file model.tsv (TSV, C-alpha atoms and all ligand atoms)
chain	number	residue	atom	x	y	z
A	23	MET	CA	0.00	0.00	0.00
A	24	SER	CA	1.34	3.47	-0.76
A	25	GLU	CA	2.69	5.53	2.13
A	26	ILE	CA	0.04	8.21	1.65
A	27	VAL	CA	-2.84	5.73	1.78
A	28	LYS	CA	-1.29	4.07	4.83
A	29	ALA	CA	-1.07	7.48	6.51
A	30	ILE	CA	-4.71	8.26	5.73
A	31	LEU	CA	-5.85	4.92	7.16
A	32	GLN	CA	-3.62	5.02	10.22
A	33	ARG	CA	-4.02	8.65	11.36
A	34	ARG	CA	-6.16	8.96	14.47
A	35	SER	CA	-7.28	11.94	16.53
A	36	ILE	CA	-4.94	12.22	19.51
A	37	ARG	CA	-6.17	13.77	22.77
A	38	ASN	CA	-3.30	13.19	25.17
A	39	PHE	CA	-0.15	15.24	24.55
A	40	LYS	CA	3.38	15.43	25.92
A	41	GLN	CA	4.35	18.91	27.07
A	42	GLU	CA	7.58	18.71	25.04
A	43	GLN	CA	7.25	21.13	22.11
A	44	ILE	CA	7.39	19.82	18.53
A	45	LYS	CA	10.52	20.77	16.60
A	46	ASP	CA	10.53	23.91	14.42
A	47	SER	CA	11.70	21.78	11.48
A	48	GLU	CA	8.66	19.51	11.93
A	49	LEU	CA	6.34	22.50	12.22
A	50	ALA	CA	7.73	23.87	8.95
A	51	VAL	CA	6.92	20.61	7.13
A	52	ILE	CA	3.40	20.53	8.60
A	53	LEU	CA	2.71	24.13	7.52
A	54	GLU	CA	4.09	23.56	4.04
A	55	ALA	CA	1.71	20.60	3.67
A	56	GLY	CA	-1.15	22.95	4.59
A	57	GLN	CA	-0.10	25.49	2.01
A	58	PHE	CA	-0.17	22.81	-0.69
A	59	ALA	CA	-3.82	21.87	-0.12
A	60	PRO	CA	-6.19	22.41	-3.01
A	61	SER	CA	-8.15	25.66	-2.92
A	62	ALA	CA	-10.97	27.06	-5.00
A	63	ARG	CA	-9.50	28.90	-7.98
A	64	ASN	CA	-6.14	28.48	-6.25
A	65	GLU	CA	-7.02	31.43	-4.02
A	66	GLN	CA	-5.02	29.98	-1.09
A	67	SER	CA	-7.40	32.00	1.05
A	68	TRP	CA	-6.00	30.70	4.34
A	69	HIS	CA	-3.85	32.09	7.10
A	70	PHE	CA	-2.21	29.81	9.66
A	71	THR	CA	-1.69	31.15	13.18
A	72	VAL	CA	0.60	28.90	15.20
A	73	ILE	CA	0.38	29.41	18.95
A	74	GLN	CA	3.11	27.91	21.10
A	75	ASN	CA	3.30	30.64	23.72
A	76	LYS	CA	2.11	29.27	27.07
A	77	ASP	CA	0.64	32.59	28.28
A	78	LEU	CA	-1.40	33.00	25.13
A	79	LEU	CA	-2.53	29.35	25.21
A	80	GLY	CA	-3.66	29.97	28.79
A	81	LYS	CA	-5.59	33.11	27.81
A	82	ILE	CA	-7.33	31.27	24.97
A	83	ASN	CA	-8.23	28.48	27.37
A	84	GLU	CA	-9.84	30.93	29.79
A	85	VAL	CA	-11.88	32.58	27.02
A	86	LEU	CA	-13.10	29.13	25.95
A	87	ARG	CA	-13.94	28.34	29.57
A	88	THR	CA	-16.22	31.42	29.70
A	89	ILE	CA	-17.82	30.46	26.38
A	90	PHE	CA	-18.43	26.87	27.52
A	91	PHE	CA	-19.78	28.09	30.86
A	92	ASN	CA	-22.29	30.44	29.23
A	93	SER	CA	-23.15	28.15	26.31
A	94	GLY	CA	-26.51	27.06	27.70
A	95	ASN	CA	-25.39	23.45	27.25
A	96	PRO	CA	-25.31	21.78	30.71
A	97	ASP	CA	-22.55	19.32	29.68
A	98	PHE	CA	-20.33	22.13	28.41
A	99	ALA	CA	-21.04	24.25	31.50
A	100	GLU	CA	-20.03	21.32	33.70
A	101	ARG	CA	-16.80	20.80	31.75
A	102	ALA	CA	-15.97	24.49	32.17
A	103	LYS	CA	-15.93	24.09	35.97
A	104	ALA	CA	-13.07	21.58	35.91
A	105	GLU	CA	-9.76	22.95	37.16
A	106	ASN	CA	-7.88	21.15	34.37
A	107	PHE	CA	-10.37	22.32	31.68
A	108	SER	CA	-8.69	22.37	28.28
A	109	PRO	CA	-10.76	21.76	25.15
A	110	PHE	CA	-7.45	21.50	23.30
A	111	TYR	CA	-6.16	18.84	25.69
A	112	HIS	CA	-3.19	20.91	26.97
A	113	ALA	CA	-1.50	20.50	23.59
A	114	PRO	CA	1.73	22.52	23.27
A	115	THR	CA	0.82	23.76	19.77
A	116	LEU	CA	-2.44	25.13	18.46
A	117	ILE	CA	-2.88	26.06	14.82
A	118	ILE	CA	-5.80	28.29	13.91
A	119	VAL	CA	-6.72	28.31	10.24
A	120	SER	CA	-8.54	31.48	9.29
A	121	GLY	CA	-10.02	32.24	5.90
A	122	ASN	CA	-10.48	35.32	3.78
A	123	GLU	CA	-14.19	36.11	4.00
A	124	LYS	CA	-14.14	37.39	0.41
A	125	ALA	CA	-12.76	34.14	-1.04
A	126	ILE	CA	-15.01	31.73	-2.97
A	127	ALA	CA	-14.82	28.92	-0.41
A	128	PRO	CA	-12.81	29.88	2.68
A	129	GLN	CA	-14.33	27.13	4.85
A	130	HIS	CA	-13.64	24.37	2.36
A	131	ASN	CA	-10.12	25.58	1.61
A	132	GLY	CA	-9.32	25.89	5.32
A	133	SER	CA	-10.70	22.45	6.15
A	134	LEU	CA	-8.67	20.81	3.39
A	135	ALA	CA	-5.57	22.64	4.60
A	136	LEU	CA	-6.15	21.44	8.16
A	137	GLY	CA	-6.56	17.88	6.87
A	138	ASN	CA	-3.16	18.20	5.20
A	139	LEU	CA	-1.66	19.49	8.47
A	140	PHE	CA	-3.02	16.41	10.28
A	141	LEU	CA	-1.65	13.97	7.71
A	142	ALA	CA	1.78	15.61	7.63
A	143	ALA	CA	1.86	15.60	11.43
A	144	HIS	CA	0.98	11.91	11.45
A	145	ALA	CA	3.80	11.19	8.98
A	146	LEU	CA	6.21	12.85	11.45
A	147	ASP	CA	4.82	10.89	14.42
A	148	ILE	CA	3.08	13.96	15.80
A	149	GLY	CA	-0.45	13.65	17.16
A	150	SER	CA	-3.24	16.04	16.25
A	151	VAL	CA	-6.95	16.65	16.62
A	152	TRP	CA	-9.48	19.13	15.26
A	153	ILE	CA	-10.63	21.60	17.92
A	154	HIS	CA	-14.05	22.90	16.99
A	155	SER	CA	-14.62	25.28	19.89
A	156	LEU	CA	-11.84	27.63	18.73
A	157	ARG	CA	-14.27	28.85	16.08
A	158	SER	CA	-16.21	30.57	18.84
A	159	LEU	CA	-13.17	32.43	20.16
A	160	PHE	CA	-14.27	35.75	18.71
A	161	ASP	CA	-17.88	35.37	19.88
A	162	ILE	CA	-17.11	37.35	23.03
A	163	GLU	CA	-15.15	40.55	23.60
A	164	GLU	CA	-12.42	38.86	25.71
A	165	GLY	CA	-11.73	36.60	22.72
A	166	ARG	CA	-11.83	39.37	20.13
A	167	SER	CA	-9.35	41.37	22.15
A	168	LEU	CA	-6.80	38.54	21.71
A	169	ASN	CA	-6.70	39.09	17.96
A	170	ARG	CA	-3.92	41.66	18.26
A	171	GLU	CA	-1.71	38.87	19.64
A	172	LEU	CA	-3.04	36.27	17.20
A	173	GLY	CA	-2.42	38.43	14.14
A	174	ILE	CA	-5.34	37.06	12.15
A	175	PRO	CA	-5.46	39.31	9.06
A	176	GLU	CA	-8.18	41.91	8.59
A	177	GLY	CA	-11.18	40.41	6.77
A	178	TYR	CA	-10.31	36.84	7.82
A	179	SER	CA	-12.32	34.75	10.26
A	180	ILE	CA	-11.52	31.51	12.02
A	181	VAL	CA	-12.61	28.47	9.99
A	182	ALA	CA	-10.90	25.58	11.73
A	183	SER	CA	-8.20	24.75	14.21
A	184	GLY	CA	-6.12	21.86	15.43
A	185	ALA	CA	-4.06	20.83	18.45
A	186	PHE	CA	-0.65	19.29	17.82
A	187	GLY	CA	1.98	17.57	19.93
A	188	TYR	CA	3.72	14.28	20.59
A	189	ASN	CA	1.30	11.56	21.65
A	190	ALA	CA	1.53	10.83	25.39
A	191	GLY	CA	-0.90	7.91	25.36
A	192	GLU	CA	-1.87	4.76	23.57
A	193	LYS	CA	-2.68	5.07	19.91
A	194	PRO	CA	-6.50	4.95	19.74
A	195	THR	CA	-8.08	2.16	17.73
A	196	PRO	CA	-10.21	3.47	14.89
A	197	ALA	CA	-13.95	3.66	15.40
A	198	PRO	CA	-15.71	1.35	12.96
A	199	ARG	CA	-16.60	3.14	9.74
A	200	LYS	CA	-20.27	3.38	8.79
A	201	GLU	CA	-21.72	1.01	6.24
A	202	GLY	CA	-23.78	2.27	3.33
A	203	THR	CA	-21.95	5.54	2.76
A	204	ILE	CA	-20.81	4.67	-0.78
A	205	THR	CA	-22.73	4.48	-4.04
A	206	ILE	CA	-20.84	3.37	-7.14
A	207	ILE	CA	-22.59	3.82	-10.48
A	208	LYS	CA	-20.90	2.20	-13.49
B	1	LIG	C1	-15.42	19.31	11.91
B	1	LIG	C2	-14.79	18.49	13.01
B	1	LIG	C3	-14.84	18.94	14.31
B	1	LIG	C4	-14.23	18.22	15.33
B	1	LIG	N1	-14.19	18.76	16.60
B	1	LIG	C5	-13.53	18.10	17.56
B	1	LIG	C6	-13.38	18.69	18.85
B	1	LIG	O1	-13.80	19.82	19.10
B	1	LIG	N2	-12.75	17.98	19.81
B	1	LIG	C7	-12.26	16.72	19.57
B	1	LIG	O2	-11.71	16.12	20.49
B	1	LIG	N3	-12.35	16.14	18.35
B	1	LIG	C8	-12.95	16.80	17.35
B	1	LIG	N4	-13.02	16.25	16.09
B	1	LIG	C9	-12.39	14.94	15.83
B	1	LIG	C10	-13.41	13.83	15.62
B	1	LIG	O3	-14.04	13.53	16.85
B	1	LIG	C11	-12.70	12.60	15.03
B	1	LIG	O4	-12.12	12.94	13.80
B	1	LIG	C12	-13.66	11.44	14.85
B	1	LIG	O5	-14.13	10.96	16.09
B	1	LIG	C13	-13.00	10.25	14.11
B	1	LIG	O6	-11.83	9.83	14.78
B	1	LIG	P1	-10.41	9.81	14.04
B	1	LIG	O7	-10.03	11.23	13.71
B	1	LIG	O8	-9.46	9.20	15.04
B	1	LIG	O9	-10.55	8.96	12.81
B	1	LIG	C14	-13.60	16.96	15.05
B	1	LIG	C15	-13.56	16.51	13.73
B	1	LIG	C16	-14.12	17.27	12.72
B	1	LIG	C17	-13.98	16.80	11.29
call {"tool": "encode", "arguments": {"input": "model.tsv", "output": "structure tokens", "more": "lines below"}}
Ligand SMILES: Cc1cc2nc3c(=O)[nH]c(=O)nc-3n(C[C@H](O)[C@H](O)[C@H](O)COP(=O)(O)O)c2cc1C
result
Amino acid sequence: MSEIVKAILQRRSIRNFKQEQIKDSELAVILEAGQFAPSARNEQSWHFTVIQNKDLLGKINEVLRTIFFNSGNPDFAERAKAENFSPFYHAPTLIIVSGNEKAIAPQHNGSLALGNLFLAAHALDIGSVWIHSLRSLFDIEEGRSLNRELGIPEGYSIVASGAFGYNAGEKPTPAPRKEGTITIIK
């Protein structure tokens, strides 16, 4: 089986990270893989914000705690009370993919780019997982005020984000894949 197909089949979402930071050389490969994702009309409408600064990671975590707490969802509100709350699993690296709101398909381009980041990370033995809640970061003023530090370009909004780091746990076994999701017409 080709290496790329093996990587696609073997990548799993990782939710338990070592605190040791990934190497800059590995990060560069991961980001290059993101930049080579397909994009509508080759607009490359993405921007990648890599956050490895512990203070900033902590501030993001506290904004998400407030959002979870006030979400109206009792499960989320309960999670927000935990002292070790971290919807990004204390990962040492977060990558926010934002998209140019004026592009044809910023969400699709950004999602494909994030998929490439995950596969490249897997190829380098680095764990990763999509973090959906980061999309809500700018829903409240405390979150919006972080944008100066995040440097998300004017006219871009967050489309997707991922946590990255070396896996500190067992490799999860894949959940069974659903039957009946394929139609082949010849
Ligand atoms: C759009 C999207 C949002 C997701 N959000 C989260 C998330 O917020 N937290 C999380 O732990 N996993 C998240 N995941 C990861 C999925 O739970 C995971 O991909 C799925 O369970 C299949 O497992 P696998 O990635 O190991 O194959 C998300 C995945 C996608 C595609």
call {"tool": "closest_atom_pairs", "arguments": {"input": "model.tsv", "of": "stretch 127-168 of chain A", "to": "stretch 185-188 of chain A", "cutoff": "7 Å", "atoms": "all atoms listed in the file", "output": "tab-separated table"}}
result
residue	atom	partner	partner_atom	distance
A:Ile148	CA	A:Tyr188	CA	4.8
A:Gly149	CA	A:Gly187	CA	5.4
A:Ser150	CA	A:Phe186	CA	4.4
A:Val151	CA	A:Ala185	CA	5.4
A:Trp152	CA	A:Ala185	CA	6.5
A:Ile153	CA	A:Ala185	CA	6.6
call {"tool": "residues_near_ligand", "arguments": {"input": "model.tsv", "ligand": "ligand LIG 1 (chain B)", "cutoff": "10 Å", "atoms": "all atoms listed in the file", "output": "PyMOL selection string"}}
result
chain A and resi 30-37+109-111+133+136-137+140+150-157+181-185+193-199
call {"tool": "closest_residue", "arguments": {"input": "model.tsv", "among": "A:Ile174, A:Leu79, A:Ala127, A:Leu134", "to": "A:Ala113", "atoms": "all atoms listed in the file"}}
result
A:Leu79
call {"tool": "closest_residue", "arguments": {"input": "model.tsv", "among": "A:Ala59, A:Asn95, A:Asp46, A:Leu116", "to": "A:Ala135", "atoms": "all atoms listed in the file"}}
result
A:Ala59
call {"tool": "residues_around", "arguments": {"input": "model.tsv", "residues": "A:Glu65", "least_positions_apart": "6", "cutoff": "10 Å", "atoms": "all atoms listed in the file", "output": "list of chain:residue names"}}
result
A:Asn122, A:Ala125, A:Ile126, A:Ala127, A:Pro128, A:Asn131
call {"tool": "residues_around", "arguments": {"input": "model.tsv", "residues": "A:Phe90", "least_positions_apart": "5", "cutoff": "9 Å", "atoms": "all atoms listed in the file", "output": "list in words"}}
result
Val85, Asn95, Asp97, Phe98, Ala99, Glu100, Arg101, Ala102 and Ser155 of chain A
call {"tool": "closest_residue", "arguments": {"input": "model.tsv", "among": "A:Arg63, A:His144, A:His69, A:Lys208", "to": "A:Glu123", "atoms": "all atoms listed in the file"}}
result
A:His69
call {"tool": "atom_distance", "arguments": {"input": "model.tsv", "atom1": "atom CA of A:Gln43", "atom2": "atom CA of A:Ser158"}}
result
25.5 Å
call {"tool": "atom_distance", "arguments": {"input": "model.tsv", "atom1": "atom CA of A:Leu146", "atom2": "atom CA of A:Ser120"}}
result
23.9 Å
call {"tool": "closest_residue", "arguments": {"input": "model.tsv", "among": "A:Ala190, A:Ile117, A:Ile204, A:Leu86", "to": "A:Leu49", "atoms": "all atoms listed in the file"}}
result
A:Ile117
call {"tool": "atom_distance", "arguments": {"input": "model.tsv", "atom1": "atom CA of A:Gly121", "atom2": "atom CA of A:Asn169"}}
result
14.3 Å
call {"tool": "closest_residue", "arguments": {"input": "model.tsv", "among": "A:Ile89, A:Ala142, A:Ala50, A:Ala29", "to": "A:Asp161", "atoms": "all atoms listed in the file"}}
result
A:Ile89
call {"tool": "residues_around", "arguments": {"input": "model.tsv", "residues": "A:Arg87", "least_positions_apart": "4", "cutoff": "8 Å", "atoms": "all atoms listed in the file", "output": "list in words"}}
result
Asn83, Phe91, Ala102, Lys103 and Phe107 of chain A
call {"tool": "closest_residue", "arguments": {"input": "model.tsv", "among": "A:Gly191, A:Gln66, A:Gln57, A:Thr203", "to": "A:Lys124", "atoms": "only C-alpha atoms"}}
result
A:Gln66
call {"tool": "axis_aligned_box", "arguments": {"input": "model.tsv", "around": "stretch 56-72 of chain A", "padding_each_side": "3 Å", "output": "lines of an AutoDock Vina configuration file"}}
result
center_x = -5.2
center_y = 27.0
center_z = 3.6
size_x = 17.6
size_y = 16.2
size_z = 29.2
call {"tool": "build_atoms", "arguments": {"input": "model.tsv", "residues": "stretch 40-64 of chain A", "atoms": "N, CA and C atoms", "output": "compact mmCIF listing (two decimals), keeping the file's coordinate frame"}}
result
# COMPACT_ATOMS: atom_id res chain seq x y z
N LYS A 40 2.20 15.09 25.11
CA LYS A 40 3.38 15.43 25.92
C LYS A 40 3.53 16.95 25.94
N GLN A 41 4.14 17.46 26.99
CA GLN A 41 4.35 18.91 27.07
C GLN A 41 5.55 19.36 26.23
N GLU A 42 6.42 18.40 25.90
CA GLU A 42 7.58 18.71 25.04
C GLU A 42 7.09 19.31 23.71
N GLN A 43 7.69 20.44 23.33
CA GLN A 43 7.25 21.13 22.11
C GLN A 43 7.74 20.38 20.87
N ILE A 44 6.94 20.42 19.80
CA ILE A 44 7.39 19.82 18.53
C ILE A 44 8.52 20.69 17.96
N LYS A 45 9.35 20.05 17.13
CA LYS A 45 10.52 20.77 16.60
C LYS A 45 10.09 21.78 15.52
N ASP A 46 10.84 22.90 15.44
CA ASP A 46 10.53 23.91 14.42
C ASP A 46 10.59 23.30 13.01
N SER A 47 11.56 22.39 12.81
CA SER A 47 11.70 21.78 11.48
C SER A 47 10.46 20.95 11.14
N GLU A 48 9.88 20.30 12.15
CA GLU A 48 8.66 19.51 11.93
C GLU A 48 7.48 20.44 11.66
N LEU A 49 7.42 21.52 12.42
CA LEU A 49 6.34 22.50 12.22
C LEU A 49 6.38 23.05 10.79
N ALA A 50 7.60 23.31 10.30
CA ALA A 50 7.73 23.87 8.95
C ALA A 50 7.17 22.90 7.91
N VAL A 51 7.43 21.60 8.08
CA VAL A 51 6.92 20.61 7.13
C VAL A 51 5.39 20.57 7.19
N ILE A 52 4.86 20.59 8.41
CA ILE A 52 3.40 20.53 8.60
C ILE A 52 2.73 21.73 7.91
N LEU A 53 3.32 22.92 8.10
CA LEU A 53 2.71 24.13 7.52
C LEU A 53 2.83 24.13 6.00
N GLU A 54 3.94 23.61 5.50
CA GLU A 54 4.09 23.56 4.04
C GLU A 54 3.02 22.64 3.45
N ALA A 55 2.76 21.52 4.15
CA ALA A 55 1.71 20.60 3.67
C ALA A 55 0.36 21.32 3.62
N GLY A 56 0.10 22.18 4.60
CA GLY A 56 -1.15 22.95 4.59
C GLY A 56 -1.22 23.89 3.40
N GLN A 57 -0.10 24.52 3.10
CA GLN A 57 -0.10 25.49 2.01
C GLN A 57 -0.27 24.83 0.64
N PHE A 58 -0.04 23.50 0.59
CA PHE A 58 -0.17 22.81 -0.69
C PHE A 58 -1.52 22.10 -0.84
N ALA A 59 -2.46 22.42 0.03
CA ALA A 59 -3.82 21.87 -0.12
C ALA A 59 -4.47 22.49 -1.35
N PRO A 60 -5.45 21.78 -1.91
CA PRO A 60 -6.19 22.41 -3.01
C PRO A 60 -7.01 23.59 -2.48
N SER A 61 -7.26 24.56 -3.33
CA SER A 61 -8.15 25.66 -2.92
C SER A 61 -8.90 26.16 -4.13
N ALA A 62 -10.12 26.61 -3.89
CA ALA A 62 -10.97 27.06 -5.00
C ALA A 62 -10.25 28.16 -5.79
N ARG A 63 -10.18 27.99 -7.05
CA ARG A 63 -9.50 28.90 -7.98
C ARG A 63 -8.07 29.24 -7.51
N ASN A 64 -7.50 28.31 -6.82
CA ASN A 64 -6.14 28.48 -6.25
C ASN A 64 -6.01 29.79 -5.47
